[in-house]
>>> print(open('model25.cif').read())   # mmCIF, C-alpha atoms
data_upload
loop_
_atom_site.label_atom_id
_atom_site.label_comp_id
_atom_site.auth_asym_id
_atom_site.auth_seq_id
_atom_site.Cartn_x
_atom_site.Cartn_y
_atom_site.Cartn_z
CA GLU Q 47 23.03 26.81 -12.67
CA ALA Q 48 22.26 24.33 -9.92
CA ILE Q 49 20.42 21.14 -10.76
CA PRO Q 50 17.34 20.65 -8.56
CA PRO Q 51 17.35 17.55 -6.35
CA PRO Q 52 15.45 14.55 -7.69
CA GLY Q 53 11.87 14.17 -6.47
CA CYS Q 54 10.28 11.20 -4.83
CA THR Q 55 9.35 8.39 -7.20
CA ARG Q 56 6.25 6.45 -6.23
CA VAL Q 57 5.16 3.07 -7.60
CA GLY Q 58 1.83 1.23 -7.64
CA THR Q 59 1.68 -2.46 -8.60
CA HIS Q 60 -1.49 -4.39 -9.37
CA TYR Q 61 -2.34 -7.52 -11.37
CA GLY Q 62 -5.07 -7.89 -13.95
CA GLU Q 63 -5.96 -7.67 -17.61
CA ALA Q 64 -5.13 -4.59 -19.65
CA VAL Q 65 -5.10 -3.47 -23.27
CA VAL Q 66 -1.57 -2.45 -24.19
CA GLY Q 67 -0.28 -1.01 -27.43
CA SER Q 68 0.05 1.94 -29.73
CA LEU Q 69 -3.24 3.78 -29.69
CA GLY Q 70 -4.36 6.94 -31.39
CA GLY Q 71 -5.05 8.38 -34.75
CA GLU Q 72 -3.42 10.24 -37.54
CA GLY Q 73 -0.64 12.46 -36.27
CA ARG Q 74 -0.85 11.32 -32.67
CA ILE Q 75 -0.04 7.74 -31.76
CA GLN Q 76 0.91 6.94 -28.22
CA TYR Q 77 1.99 3.69 -26.56
CA THR Q 78 -0.28 3.21 -23.57
CA ALA Q 79 -2.07 0.70 -21.35
CA LEU Q 80 -5.78 0.82 -20.59
CA GLY Q 81 -8.08 -1.09 -18.27
CA ASP Q 82 -9.18 -1.52 -14.68
CA ALA Q 83 -5.86 -3.07 -13.65
CA MET Q 84 -3.94 -0.07 -14.99
CA ASN Q 85 -6.37 2.31 -13.31
CA THR Q 86 -5.91 0.51 -9.98
CA ALA Q 87 -2.11 0.56 -10.32
CA ALA Q 88 -2.20 4.30 -11.06
CA ARG Q 89 -4.41 4.94 -8.03
CA LEU Q 90 -2.07 2.85 -5.86
CA GLU Q 91 0.81 5.00 -7.08
CA SER Q 92 -1.13 8.11 -6.04
CA ALA Q 93 -2.09 6.57 -2.68
CA ASN Q 94 1.58 6.37 -1.67
CA LYS Q 95 1.55 10.03 -0.70
CA ALA Q 96 -1.30 9.63 1.80
CA LEU Q 97 0.11 6.36 3.17
CA LYS Q 98 3.62 7.86 3.48
CA THR Q 99 5.11 5.07 1.37
CA THR Q 100 6.94 5.01 -1.96
CA ALA Q 101 5.71 1.65 -3.27
CA LEU Q 102 2.38 -0.13 -2.82
CA VAL Q 103 1.45 -3.60 -4.02
CA SER Q 104 -2.11 -4.96 -4.10
CA SER Q 105 -2.88 -8.42 -2.72
CA GLU Q 106 -3.61 -9.53 -6.30
CA ALA Q 107 -0.05 -8.70 -7.34
CA LYS Q 108 1.53 -9.87 -4.05
CA SER Q 109 -0.07 -13.32 -4.37
CA ARG Q 110 1.83 -13.89 -7.63
CA MET Q 111 5.27 -13.05 -6.25
CA THR Q 112 7.73 -15.65 -5.05
CA LEU Q 113 9.48 -13.39 -2.55
CA ASN Q 114 7.61 -11.96 0.43
CA PRO Q 115 9.38 -8.80 1.65
CA PHE Q 116 6.04 -7.12 2.40
CA ARG Q 117 4.48 -5.50 5.41
CA PRO Q 118 0.78 -4.73 5.60
CA MET Q 119 -0.55 -1.25 4.94
CA GLY Q 120 -4.18 -2.17 5.60
CA ARG Q 121 -7.28 -1.98 3.46
CA VAL Q 122 -7.99 1.26 1.66
CA VAL Q 123 -10.64 2.55 -0.70
CA LEU Q 124 -8.76 4.27 -3.50
CA SER Q 125 -9.91 7.59 -4.88
CA GLY Q 126 -12.81 7.17 -7.27
CA ARG Q 127 -13.42 3.56 -6.21
CA ALA Q 128 -15.98 1.79 -4.04
CA THR Q 129 -14.26 -1.52 -3.24
CA PRO Q 130 -11.45 -1.67 -0.64
CA VAL Q 131 -8.03 -2.91 -1.77
CA GLU Q 132 -5.65 -4.66 0.63
CA VAL Q 133 -2.24 -3.05 0.16
CA TRP Q 134 1.30 -4.02 1.07
CA GLU Q 135 4.60 -2.17 1.14
CA PRO Q 136 7.78 -3.92 0.00
CA VAL Q 137 10.38 -3.48 2.76
CA PRO Q 138 13.23 -5.90 2.01
CA GLU Q 139 15.53 -3.91 4.31
CA MET Q 140 13.26 -4.53 7.33
CA ASP Q 141 14.34 -7.28 9.72
CA GLU Q 142 12.38 -10.40 8.77
CA ALA Q 143 11.34 -11.18 12.36
CA VAL Q 144 9.99 -7.63 12.81
CA ARG Q 145 8.14 -7.85 9.49
CA GLU Q 146 6.63 -11.24 10.44
CA ARG Q 147 5.54 -9.89 13.84
CA LEU Q 148 3.93 -6.88 12.18
CA ASN Q 149 2.05 -9.15 9.74
CA ALA Q 150 0.89 -11.43 12.57
CA LEU Q 151 -0.26 -8.53 14.73
CA TRP Q 152 -2.26 -7.01 11.88
CA ALA Q 153 -3.91 -10.39 11.19
CA GLN Q 154 -4.80 -10.69 14.90
CA TYR Q 155 -6.20 -7.16 15.08
CA ASP Q 156 -8.05 -7.56 11.80
CA GLY Q 157 -9.64 -10.68 13.26
CA GLY Q 158 -10.90 -8.75 16.30
CA ASP Q 159 -8.03 -8.96 18.84
CA ARG Q 160 -7.84 -5.37 20.10
CA ASP Q 161 -4.79 -6.18 22.26
CA ALA Q 162 -2.82 -6.54 19.01
CA LEU Q 163 -3.50 -2.86 18.29
CA VAL Q 164 -1.77 -1.91 21.55
CA GLN Q 165 1.31 -3.87 20.45
CA LEU Q 166 1.21 -2.25 17.01
CA GLU Q 167 1.00 1.19 18.63
CA GLU Q 168 4.07 0.29 20.72
CA MET Q 169 5.95 -0.81 17.59
CA ALA Q 170 5.11 2.50 15.89
CA ALA Q 171 6.10 4.52 18.97
CA GLY Q 172 9.46 2.71 19.02
CA ALA Q 173 10.11 3.52 15.35
CA LYS Q 174 9.51 7.27 15.22
CA GLU Q 175 11.39 7.60 11.90
CA ASP Q 176 8.92 5.20 10.23
CA ALA Q 177 6.09 7.53 9.16
CA ALA Q 178 4.41 4.79 7.09
CA LEU Q 179 4.09 2.52 10.14
CA ALA Q 180 2.56 5.32 12.22
CA GLU Q 181 0.13 6.11 9.39
CA PHE Q 182 -0.79 2.40 9.09
CA VAL Q 183 -1.58 2.15 12.81
CA TYR Q 184 -3.67 5.33 12.62
CA ARG Q 185 -5.68 4.01 9.65
CA ILE Q 186 -6.43 0.57 11.11
CA ARG Q 187 -7.39 2.15 14.45
CA GLU Q 188 -9.84 4.40 12.61
CA ALA Q 189 -11.15 1.56 10.41
CA GLY Q 190 -11.50 -1.03 13.18
CA PRO Q 191 -11.00 -4.79 12.87
CA GLY Q 192 -11.97 -6.04 9.41
CA GLY Q 193 -12.55 -2.48 8.24
CA HIS Q 194 -11.11 -0.22 5.62
CA PHE Q 195 -9.99 3.40 5.37
CA VAL Q 196 -11.35 5.69 2.66
CA LEU Q 197 -8.65 7.85 1.06
CA ALA Q 198 -9.85 11.39 0.56
CA SER Q 199 -8.09 12.30 -2.68
CA LYS Q 200 -5.92 11.04 -5.50
#
>>> encode(input="model25.cif", output="structure tokens")
Amino acid sequence: EAIPPPGCTRVGTHYGEAVVGSLGGEGRIQYTALGDAMNTAARLESANKALKTTALVSSEAKSRMTLNPFRPMGRVVLSGRATPVEVWEPVPEMDEAVRERLNALWAQYDGGDRDALVQLEEMAAGAKEDAALAEFVYRIREAGPGGHFVLASK
């Protein structure tokens, strides 16, 4: 019998307080983590599908990391939430100069420079195999400078 191919693993990373431990009652004890930080991380994991990424890191988690292999994925409102979260995708394989240019262009566009969007659209058009980049450009175009994109579902 053939073994099915492995599926896509998605990861969401956030930073904050959580209650972690063995919880439950008689006959059913489960090791788990509870709290807003865990909820946000779980929703980031789910958001990967819509953003066409496999790993998303919130700004709160990114700010505590010593390495910076991240490219922006914009600001999104996660399912079931009201407050936008700025999200980043770890892309250590991406050329550092390209990643820095992408970060700079997003900062310029987010600050109101609409010419930066044209350059971002050109970058996405030149990287047709990069679905996450195309999706990012679509979302920030829809959201506008300083805006956020509301994700429709988990």
>>> residues_near_point(input="model25.cif", point="(-5.6, -7.4, 2.4)", cutoff="6 Å", atoms="all atoms listed in the file", output="MDAnalysis selection string")
chainID Q and resid 105 121 132:133
>>> write_last_selection(input="model25.cif", atoms="C-alpha atoms", output="mmCIF file, in the coordinates of the input")
data_model
loop_
_atom_site.group_PDB
_atom_site.id
_atom_site.type_symbol
_atom_site.label_atom_id
_atom_site.label_comp_id
_atom_site.auth_asym_id
_atom_site.auth_seq_id
_atom_site.Cartn_x
_atom_site.Cartn_y
_atom_site.Cartn_z
ATOM 1 C CA SER Q 105 -2.880 -8.420 -2.720
ATOM 2 C CA ARG Q 121 -7.280 -1.980 3.460
ATOM 3 C CA GLU Q 132 -5.650 -4.660 0.630
ATOM 4 C CA VAL Q 133 -2.240 -3.050 0.160
#
>>> closest_residue(input="model25.cif", among="Q:Ile186, Q:Cys54, Q:Ala162, Q:Ala173", to="Lys98 of chain Q", atoms="all atoms listed in the file")
Q:Cys54
>>> resolve_selection(input="model25.cif", expression="the PyMOL selection byres ((chain Q and resi 127) around 12)", output="ChimeraX atom specification")
/Q:82,85-86,89-90,122-126,128-131,196-200
>>> closest_residue(input="model25.cif", among="Q:Leu179, Q:Val103, Q:Ala153, Q:Leu80", to="Glu167 of chain Q", atoms="only C-alpha atoms")
Q:Leu179
>>> residues_around(input="model25.cif", residues="Gly120 of chain Q", least_positions_apart="3", cutoff="12 Å", atoms="all atoms listed in the file", output="PyMOL selection string")
chain Q and resi 97+102-105+116-117+123+130-135+148-149+151-153+155-156+178-179+181-197
>>> atom_distance(input="model25.cif", atom1="atom CA of Thr59 of chain Q", atom2="atom CA of Asp159 of chain Q")
29.8 Å
>>> closest_residue(input="model25.cif", among="Q:Gly81, Q:Pro138, Q:Pro118, Q:Gly157", to="Ala64 of chain Q", atoms="all atoms listed in the file")
Q:Gly81
>>> resolve_selection(input="model25.cif", expression="the PyMOL selection byres ((chain Q and resi 57) around 7)", output="PyMOL selection string")
chain Q and resi 55-56+58-59+91+100-102
>>> atom_distance(input="model25.cif", atom1="atom CA of Val137 of chain Q", atom2="atom CA of Leu113 of chain Q")
11.3 Å
>>> atom_distance(input="model25.cif", atom1="atom CA of Pro51 of chain Q", atom2="atom CA of Lys174 of chain Q")
25.1 Å
>>> residues_near_point(input="model25.cif", point="(11.9, -3.4, 16.0)", cutoff="12 Å", atoms="all atoms listed in the file", output="MDAnalysis selection string")
chainID Q and resid 140:148 165:166 168:176 179
